[in-house]
file run_20.tsv (TSV, C-alpha atoms)
chain	number	residue	atom	x	y	z
D	885	HIS	CA	4.02	-15.71	18.60
D	886	SER	CA	3.15	-12.29	20.03
D	887	HIS	CA	0.71	-13.94	22.43
D	888	ASP	CA	2.90	-16.81	23.64
D	889	PHE	CA	3.02	-15.16	27.07
D	890	GLY	CA	-0.59	-14.01	27.03
D	891	SER	CA	-2.06	-10.53	26.75
D	892	ALA	CA	0.53	-9.10	29.17
D	893	GLY	CA	3.36	-10.40	27.00
D	894	GLN	CA	1.73	-9.05	23.87
D	895	ALA	CA	1.27	-5.61	25.44
D	896	GLN	CA	4.88	-5.59	26.62
D	897	THR	CA	6.04	-6.52	23.12
D	898	VAL	CA	4.06	-3.63	21.62
D	899	ARG	CA	5.52	-1.21	24.19
D	900	SER	CA	9.04	-2.45	23.50
D	901	ILE	CA	8.62	-1.99	19.75
D	902	HIS	CA	7.32	1.54	20.21
D	903	SER	CA	10.05	2.46	22.70
D	904	ALA	CA	12.62	1.42	20.09
D	905	GLY	CA	11.14	3.94	17.66
D	906	MET	CA	9.41	1.36	15.48
D	907	VAL	CA	5.77	0.72	14.67
D	908	GLN	CA	3.74	-2.49	14.59
D	909	THR	CA	0.50	-3.75	13.19
D	910	GLY	CA	-1.70	-6.82	13.40
D	911	LEU	CA	-3.96	-6.26	16.40
D	912	PRO	CA	-7.70	-6.63	15.76
D	913	GLY	CA	-8.93	-3.81	13.52
D	914	GLU	CA	-5.50	-2.19	13.39
D	915	ILE	CA	-4.20	-0.19	10.42
D	916	THR	CA	-0.73	1.30	10.71
D	917	VAL	CA	0.26	4.09	8.33
D	918	VAL	CA	3.90	4.98	7.72
D	919	SER	CA	5.65	7.27	5.28
D	920	ALA	CA	8.13	6.05	2.66
D	921	GLU	CA	9.82	8.61	0.43
D	922	GLY	CA	6.94	10.99	0.97
D	923	HIS	CA	4.23	8.45	0.25
D	924	LYS	CA	1.80	7.00	2.78
D	925	VAL	CA	1.91	3.22	3.17
D	926	ALA	CA	-0.78	1.37	5.14
D	927	LEU	CA	0.28	-1.85	6.84
D	928	VAL	CA	-2.26	-4.48	7.90
D	929	ALA	CA	-1.50	-7.96	9.19
D	930	PHE	CA	-3.60	-11.05	9.79
D	931	ALA	CA	-3.30	-14.33	11.69
D	932	PRO	CA	-5.74	-17.15	12.52
D	933	TYR	CA	-6.08	-16.17	16.18
D	934	ASP	CA	-8.55	-14.08	18.15
D	935	TYR	CA	-5.80	-11.80	19.50
D	936	ALA	CA	-4.95	-10.66	15.97
D	937	ALA	CA	-6.79	-9.29	12.96
D	938	SER	CA	-8.52	-12.47	11.78
D	939	LEU	CA	-7.20	-14.38	8.80
D	940	LEU	CA	-10.24	-16.64	8.88
D	941	ASP	CA	-13.00	-14.02	8.68
D	942	LEU	CA	-12.59	-13.05	5.04
D	943	ASP	CA	-15.40	-10.48	5.06
D	944	ALA	CA	-13.91	-8.62	8.04
D	945	ALA	CA	-10.43	-8.83	6.52
D	946	ALA	CA	-11.68	-7.47	3.21
D	947	ALA	CA	-13.36	-4.56	5.01
D	948	LEU	CA	-10.17	-3.74	6.92
D	949	ILE	CA	-8.04	-3.82	3.76
D	950	THR	CA	-10.59	-1.66	1.95
D	951	LYS	CA	-10.48	0.82	4.81
D	952	ALA	CA	-6.67	0.84	4.71
D	953	ARG	CA	-6.88	1.68	1.01
D	954	THR	CA	-8.81	4.86	1.91
D	955	GLU	CA	-5.99	5.89	4.26
D	956	ALA	CA	-3.06	5.27	1.92
D	957	ARG	CA	-2.56	4.61	-1.77
D	958	LEU	CA	-0.07	1.86	-0.97
D	959	VAL	CA	-1.30	-1.06	1.13
D	960	VAL	CA	0.96	-3.89	2.27
D	961	VAL	CA	-0.78	-6.95	3.68
D	962	TYR	CA	0.94	-9.56	5.83
D	963	MET	CA	-0.56	-12.97	6.55
D	964	HIS	CA	0.52	-15.65	9.01
D	965	ALA	CA	-1.05	-18.48	7.08
D	966	GLY	CA	-0.67	-22.09	6.07
D	967	ALA	CA	0.36	-25.47	7.41
D	968	GLU	CA	3.90	-25.68	8.74
D	969	GLY	CA	6.92	-27.92	8.65
D	970	SER	CA	9.50	-29.35	6.28
D	971	THR	CA	6.84	-31.06	4.13
D	972	GLN	CA	4.74	-27.90	3.68
D	973	THR	CA	6.65	-25.98	1.03
D	974	HIS	CA	3.76	-26.03	-1.47
D	975	VAL	CA	0.75	-23.71	-1.63
D	976	THR	CA	-2.18	-26.09	-1.91
D	977	GLY	CA	-5.03	-23.75	-2.84
D	978	ARG	CA	-7.03	-25.36	-0.04
D	979	GLU	CA	-7.69	-24.75	3.65
D	980	GLU	CA	-4.55	-25.70	5.57
D	981	TYR	CA	-4.19	-26.99	9.13
D	982	ALA	CA	-1.42	-27.37	11.71
D	983	PHE	CA	-1.66	-28.88	15.20
D	984	GLY	CA	-5.44	-29.00	14.87
D	985	GLU	CA	-5.63	-25.29	14.02
D	986	ASP	CA	-7.28	-23.88	10.92
D	987	ARG	CA	-4.51	-21.85	9.30
D	988	GLY	CA	-6.65	-20.55	6.46
D	989	ASN	CA	-6.42	-20.87	2.70
D	990	PRO	CA	-3.37	-18.71	1.90
D	991	GLU	CA	-4.08	-18.45	-1.82
D	992	LYS	CA	-7.74	-17.53	-1.36
D	993	PHE	CA	-6.84	-14.96	1.30
D	994	ALA	CA	-4.04	-13.38	-0.75
D	995	HIS	CA	-6.20	-13.07	-3.85
D	996	MET	CA	-8.96	-11.50	-1.77
D	997	ALA	CA	-6.45	-9.00	-0.37
D	998	ILE	CA	-5.32	-7.95	-3.84
D	999	ARG	CA	-8.89	-7.57	-5.07
D	1000	ASN	CA	-9.66	-5.29	-2.13
D	1001	GLY	CA	-6.74	-2.94	-2.64
D	1002	ALA	CA	-3.51	-4.57	-1.45
D	1003	SER	CA	-0.43	-3.54	-3.41
D	1004	LEU	CA	1.68	-6.40	-2.05
D	1005	VAL	CA	1.06	-9.51	0.07
D	1006	ILE	CA	3.85	-11.09	2.10
D	1007	ALA	CA	3.67	-14.02	4.49
D	1008	SER	CA	5.29	-16.39	6.94
D	1009	GLY	CA	3.92	-19.13	9.17
D	1010	PRO	CA	4.91	-22.37	7.44
D	1011	HIS	CA	8.52	-22.04	8.76
D	1012	VAL	CA	9.75	-22.82	5.25
D	1013	VAL	CA	9.97	-20.69	2.14
D	1014	ARG	CA	7.20	-21.03	-0.42
D	1015	GLY	CA	6.70	-19.90	-3.99
D	1016	MET	CA	5.66	-16.51	-5.31
D	1017	GLU	CA	3.07	-15.51	-7.87
D	1018	PHE	CA	1.67	-12.43	-9.54
D	1019	TYR	CA	-2.07	-11.89	-9.25
D	1020	ARG	CA	-3.61	-8.99	-11.15
D	1021	GLY	CA	-0.09	-7.61	-11.55
D	1022	HIS	CA	0.75	-7.65	-7.83
D	1023	LEU	CA	3.33	-9.83	-6.11
D	1024	ILE	CA	2.37	-12.40	-3.50
D	1025	ALA	CA	5.17	-14.02	-1.47
D	1026	TYR	CA	3.55	-16.99	0.27
D	1027	SER	CA	6.27	-17.53	2.88
D	1028	LEU	CA	9.71	-16.10	3.56
D	1029	GLY	CA	10.58	-18.74	6.17
D	1030	ASN	CA	12.11	-17.88	9.54
D	1031	PHE	CA	14.32	-14.80	9.54
D	1032	ALA	CA	15.97	-15.90	12.78
D	1033	ASN	CA	15.53	-18.72	15.27
D	1034	PHE	CA	16.47	-18.96	18.93
D	1035	HIS	CA	16.17	-22.72	19.46
D	1036	ASN	CA	12.37	-22.52	19.40
D	1037	PHE	CA	11.80	-23.86	15.87
D	1038	GLY	CA	13.11	-26.95	14.12
D	1039	GLY	CA	16.21	-26.50	11.99
D	1040	GLY	CA	18.18	-28.15	9.23
D	1041	GLY	CA	17.23	-28.95	5.65
D	1042	VAL	CA	14.58	-26.69	4.14
D	1043	LEU	CA	13.79	-25.39	7.64
D	1044	ALA	CA	17.13	-23.58	7.50
D	1045	ASP	CA	16.26	-21.75	4.27
D	1046	SER	CA	15.04	-18.19	4.64
D	1047	ALA	CA	15.09	-15.01	2.60
D	1048	ILE	CA	15.03	-11.23	2.52
D	1049	LEU	CA	12.59	-9.74	0.02
D	1050	HIS	CA	13.13	-6.21	-1.26
D	1051	VAL	CA	10.20	-4.78	-3.23
D	1052	SER	CA	9.77	-1.41	-4.91
D	1053	LEU	CA	6.28	-0.07	-5.50
D	1054	SER	CA	5.18	2.83	-7.65
D	1055	PRO	CA	3.37	5.79	-6.01
D	1056	THR	CA	0.11	4.26	-7.23
D	1057	GLY	CA	0.84	0.82	-5.79
D	1058	GLY	CA	2.08	-0.88	-8.94
D	1059	PHE	CA	4.94	-3.37	-8.96
D	1060	GLY	CA	8.23	-1.58	-9.53
D	1061	GLY	CA	10.71	-4.41	-9.10
D	1062	ALA	CA	11.89	-6.89	-6.49
D	1063	THR	CA	14.88	-8.93	-5.41
D	1064	LEU	CA	15.05	-12.01	-3.19
D	1065	ARG	CA	18.24	-12.64	-1.22
D	1066	GLY	CA	18.83	-16.06	0.23
D	1067	VAL	CA	19.42	-16.46	3.96
D	1068	LEU	CA	20.65	-19.60	5.70
D	1069	LEU	CA	20.11	-20.30	9.40
D	1070	ASP	CA	22.95	-22.12	11.16
D	1071	SER	CA	22.51	-24.79	13.84
D	1072	GLU	CA	22.10	-22.04	16.45
D	1073	GLY	CA	19.41	-20.32	14.40
D	1074	ARG	CA	21.58	-17.37	13.39
D	1075	PRO	CA	20.99	-16.00	9.89
D	1076	SER	CA	23.63	-15.27	7.28
D	1077	LEU	CA	23.37	-14.47	3.59
D	1078	GLY	CA	23.59	-17.46	1.31
D	1079	GLY	CA	22.02	-20.85	0.88
D	1080	GLY	CA	19.71	-22.18	-1.79
D	1081	SER	CA	16.52	-20.25	-1.08
D	1082	VAL	CA	16.43	-18.42	-4.42
D	1083	ALA	CA	16.62	-21.65	-6.42
D	1084	LEU	CA	14.05	-23.30	-4.15
D	1085	VAL	CA	11.57	-20.42	-4.44
D	1086	ARG	CA	12.02	-20.39	-8.21
D	1087	THR	CA	11.22	-24.10	-8.43
D	1088	LEU	CA	8.25	-23.89	-6.06
D	1089	SER	CA	6.84	-20.89	-7.91
D	1090	LYS	CA	6.88	-22.75	-11.23
D	1091	GLU	CA	5.40	-25.90	-9.74
D	1092	ASP	CA	2.59	-24.17	-7.84
D	1093	PHE	CA	1.62	-21.27	-10.09
D	1094	GLY	CA	2.61	-22.13	-13.66
D	1095	LYS	CA	2.09	-19.18	-15.99
D	1096	HIS	CA	1.35	-16.88	-13.03
D	1097	ALA	CA	4.61	-17.73	-11.24
D	1098	ALA	CA	7.10	-15.02	-10.36
D	1099	ARG	CA	10.21	-15.36	-12.51
D	1100	LEU	CA	13.47	-15.36	-10.52
D	1101	SER	CA	16.95	-15.00	-11.98
D	1102	ASP	CA	19.95	-16.81	-10.47
D	1103	LYS	CA	20.70	-13.60	-8.57
D	1104	GLY	CA	17.18	-13.37	-7.18
D	1105	VAL	CA	15.85	-10.60	-9.42
D	1106	ILE	CA	12.08	-11.03	-9.65
D	1107	HIS	CA	10.15	-10.39	-12.85
D	1108	ARG	CA	6.49	-10.59	-13.72
D	1109	PRO	CA	5.53	-13.49	-16.01
D	1110	ALA	CA	5.60	-12.67	-19.71
call {"tool": "encode", "arguments": {"input": "run_20.tsv", "output": "structure tokens"}}
result
Amino acid sequence: HSHDFGSAGQAQTVRSIHSAGMVQTGLPGEITVVSAEGHKVALVAFAPYDYAASLLDLDAAAALITKARTEARLVVVYMHAGAEGSTQTHVTGREEYAFGEDRGNPEKFAHMAIRNGASLVIASGPHVVRGMEFYRGHLIAYSLGNFANFHNFGGGGVLADSAILHVSLSPTGGFGGATLRGVLLDSEGRPSLGGGSVALVRTLSKEDFGKHAARLSDKGVIHRPA
């Protein structure tokens, strides 16, 4: 939604983020490198819009991820991908659409990202949580829902389920461990810890990815499949 108020609104958003001492990524061709515990981490983000790094042009996305891998050993890829709404909790493995828009094939895109050097792929867009899988040893979180909501998205039911994902990566980009904490949005869209997101993600992961599904304990600890 960075472009909801046009290019001027997007530019103002970027300036506001920077003035708060934070960084951002996701503009066309943009790679953002940060430091975490002395290690460089490259952040690249994609969406199915022309004002963002394109989710739909897989060749260009692969080239940008490959370039990011030359700038940092750790590469985290974000994708705003997939159909949206309370009936869209499953990863289909196909091209997905919403409101007449092509929202990409999240599974195809995420696998491409891993093959081209991503250490981790995280996502939102569907406005509901989705399952998680491991591909070539790397975690893919297909949607973490809405972290907060100021009356601009639908609420209630699975639309109120959200999550905080904490992932540790090794200095070489390998999976070092992860925990998912459930978040529940109230009727005003305010988040608080709790809810049934962990159980829901565990179920969706098993249903969508079978033997490749992330394994989640009752407390949200994430393990690679055996």
call {"tool": "atom_distance", "arguments": {"input": "run_20.tsv", "atom1": "atom CA of D:Phe889", "atom2": "atom CA of D:Val960"}}
result
27.3 Å
call {"tool": "atom_distance", "arguments": {"input": "run_20.tsv", "atom1": "atom CA of D:Ser919", "atom2": "atom CA of D:Gly1057"}}
result
13.7 Å
call {"tool": "residues_around", "arguments": {"input": "run_20.tsv", "residues": "stretch 963-973 of chain D", "least_positions_apart": "5", "cutoff": "9 Å", "atoms": "all atoms listed in the file", "output": "JSON list (two decimals) with C-alpha atoms, in the coordinates of the input"}}
result
[["chain", "number", "residue", "atom", "x", "y", "z"],
["D", 928, "VAL", "CA", -2.26, -4.48, 7.90],
["D", 929, "ALA", "CA", -1.50, -7.96, 9.19],
["D", 930, "PHE", "CA", -3.60, -11.05, 9.79],
["D", 931, "ALA", "CA", -3.30, -14.33, 11.69],
["D", 932, "PRO", "CA", -5.74, -17.15, 12.52],
["D", 939, "LEU", "CA", -7.20, -14.38, 8.80],
["D", 979, "GLU", "CA", -7.69, -24.75, 3.65],
["D", 980, "GLU", "CA", -4.55, -25.70, 5.57],
["D", 981, "TYR", "CA", -4.19, -26.99, 9.13],
["D", 982, "ALA", "CA", -1.42, -27.37, 11.71],
["D", 983, "PHE", "CA", -1.66, -28.88, 15.20],
["D", 985, "GLU", "CA", -5.63, -25.29, 14.02],
["D", 986, "ASP", "CA", -7.28, -23.88, 10.92],
["D", 987, "ARG", "CA", -4.51, -21.85, 9.30],
["D", 988, "GLY", "CA", -6.65, -20.55, 6.46],
["D", 989, "ASN", "CA", -6.42, -20.87, 2.70],
["D", 990, "PRO", "CA", -3.37, -18.71, 1.90],
["D", 993, "PHE", "CA", -6.84, -14.96, 1.30],
["D", 994, "ALA", "CA", -4.04, -13.38, -0.75],
["D", 1005, "VAL", "CA", 1.06, -9.51, 0.07],
["D", 1006, "ILE", "CA", 3.85, -11.09, 2.10],
["D", 1007, "ALA", "CA", 3.67, -14.02, 4.49],
["D", 1008, "SER", "CA", 5.29, -16.39, 6.94],
["D", 1009, "GLY", "CA", 3.92, -19.13, 9.17],
["D", 1010, "PRO", "CA", 4.91, -22.37, 7.44],
["D", 1011, "HIS", "CA", 8.52, -22.04, 8.76],
["D", 1012, "VAL", "CA", 9.75, -22.82, 5.25],
["D", 1013, "VAL", "CA", 9.97, -20.69, 2.14],
["D", 1014, "ARG", "CA", 7.20, -21.03, -0.42],
["D", 1015, "GLY", "CA", 6.70, -19.90, -3.99],
["D", 1026, "TYR", "CA", 3.55, -16.99, 0.27],
["D", 1027, "SER", "CA", 6.27, -17.53, 2.88],
["D", 1038, "GLY", "CA", 13.11, -26.95, 14.12],
["D", 1041, "GLY", "CA", 17.23, -28.95, 5.65],
["D", 1042, "VAL", "CA", 14.58, -26.69, 4.14],
["D", 1043, "LEU", "CA", 13.79, -25.39, 7.64],
["D", 1088, "LEU", "CA", 8.25, -23.89, -6.06]]
call {"tool": "residues_near_point", "arguments": {"input": "run_20.tsv", "point": "(5.6, -11.0, -22.0)", "cutoff": "12 Å", "atoms": "only C-alpha atoms", "output": "PyMOL selection string"}}
result
chain D and resi 1095-1096+1099+1107-1110
call {"tool": "write_last_selection", "arguments": {"input": "run_20.tsv", "atoms": "C-alpha atoms", "output": "compact mmCIF listing (two decimals), in the coordinates of the input"}}
result
# COMPACT_ATOMS: atom_id res chain seq x y z
CA LYS D 1095 2.09 -19.18 -15.99
CA HIS D 1096 1.35 -16.88 -13.03
CA ARG D 1099 10.21 -15.36 -12.51
CA HIS D 1107 10.15 -10.39 -12.85
CA ARG D 1108 6.49 -10.59 -13.72
CA PRO D 1109 5.53 -13.49 -16.01
CA ALA D 1110 5.60 -12.67 -19.71
call {"tool": "closest_residue", "arguments": {"input": "run_20.tsv", "among": "D:Gly1021, D:Gly1104, D:Gly913, D:Gly1058", "to": "D:His995", "atoms": "all atoms listed in the file"}}
result
D:Gly1021
call {"tool": "closest_residue", "arguments": {"input": "run_20.tsv", "among": "D:Arg1086, D:Arg1065, D:Arg999, D:Arg957", "to": "D:Met1016", "atoms": "all atoms listed in the file"}}
result
D:Arg1086
call {"tool": "residues_near_point", "arguments": {"input": "run_20.tsv", "point": "(-6.0, 4.5, 4.7)", "cutoff": "9 Å", "atoms": "all atoms listed in the file", "output": "list in words"}}
result
Ile915, Thr916, Val917, Lys924, Val925, Ala926, Ile949, Thr950, Lys951, Ala952, Arg953, Thr954, Glu955, Ala956, Arg957, Leu958 and Val959 of chain D
call {"tool": "closest_residue", "arguments": {"input": "run_20.tsv", "among": "D:Met906, D:Val961, D:Ile1024, D:Leu1069", "to": "D:Glu991", "atoms": "only C-alpha atoms"}}
result
D:Ile1024
call {"tool": "atom_distance", "arguments": {"input": "run_20.tsv", "atom1": "atom CA of D:Val1051", "atom2": "atom CA of D:Glu1017"}}
result
13.7 Å
call {"tool": "residues_around", "arguments": {"input": "run_20.tsv", "residues": "D:Val907", "least_positions_apart": "2", "cutoff": "9 Å", "atoms": "all atoms listed in the file", "output": "PyMOL selection string"}}
result
chain D and resi 898+901-902+904-905+909+916+918
call {"tool": "residues_around", "arguments": {"input": "run_20.tsv", "residues": "D:Ser1071", "least_positions_apart": "2", "cutoff": "8 Å", "atoms": "only C-alpha atoms", "output": "compact mmCIF listing (two decimals) with C-alpha atoms, in the frame of the given file"}}
result
# COMPACT_ATOMS: atom_id res chain seq x y z
CA GLY D 1039 16.21 -26.50 11.99
CA GLY D 1040 18.18 -28.15 9.23
CA LEU D 1069 20.11 -20.30 9.40
CA GLY D 1073 19.41 -20.32 14.40
CA ARG D 1074 21.58 -17.37 13.39
call {"tool": "closest_residue", "arguments": {"input": "run_20.tsv", "among": "D:Glu921, D:Leu940, D:Tyr935, D:Pro1055", "to": "D:Ala892", "atoms": "all atoms listed in the file"}}
result
D:Tyr935
call {"tool": "closest_residue", "arguments": {"input": "run_20.tsv", "among": "D:Gly1060, D:Gly1094, D:Ala1044, D:His1050", "to": "D:Ser1081", "atoms": "all atoms listed in the file"}}
result
D:Ala1044
call {"tool": "closest_residue", "arguments": {"input": "run_20.tsv", "among": "D:Ala920, D:Leu911, D:Ala1032, D:Leu1049", "to": "D:Leu1064", "atoms": "only C-alpha atoms"}}
result
D:Leu1049
call {"tool": "residues_around", "arguments": {"input": "run_20.tsv", "residues": "D:Ser1052", "least_positions_apart": "4", "cutoff": "8 Å", "atoms": "all atoms listed in the file", "output": "JSON, numbers by chain"}}
result
{"D": [1059, 1060, 1061, 1062]}
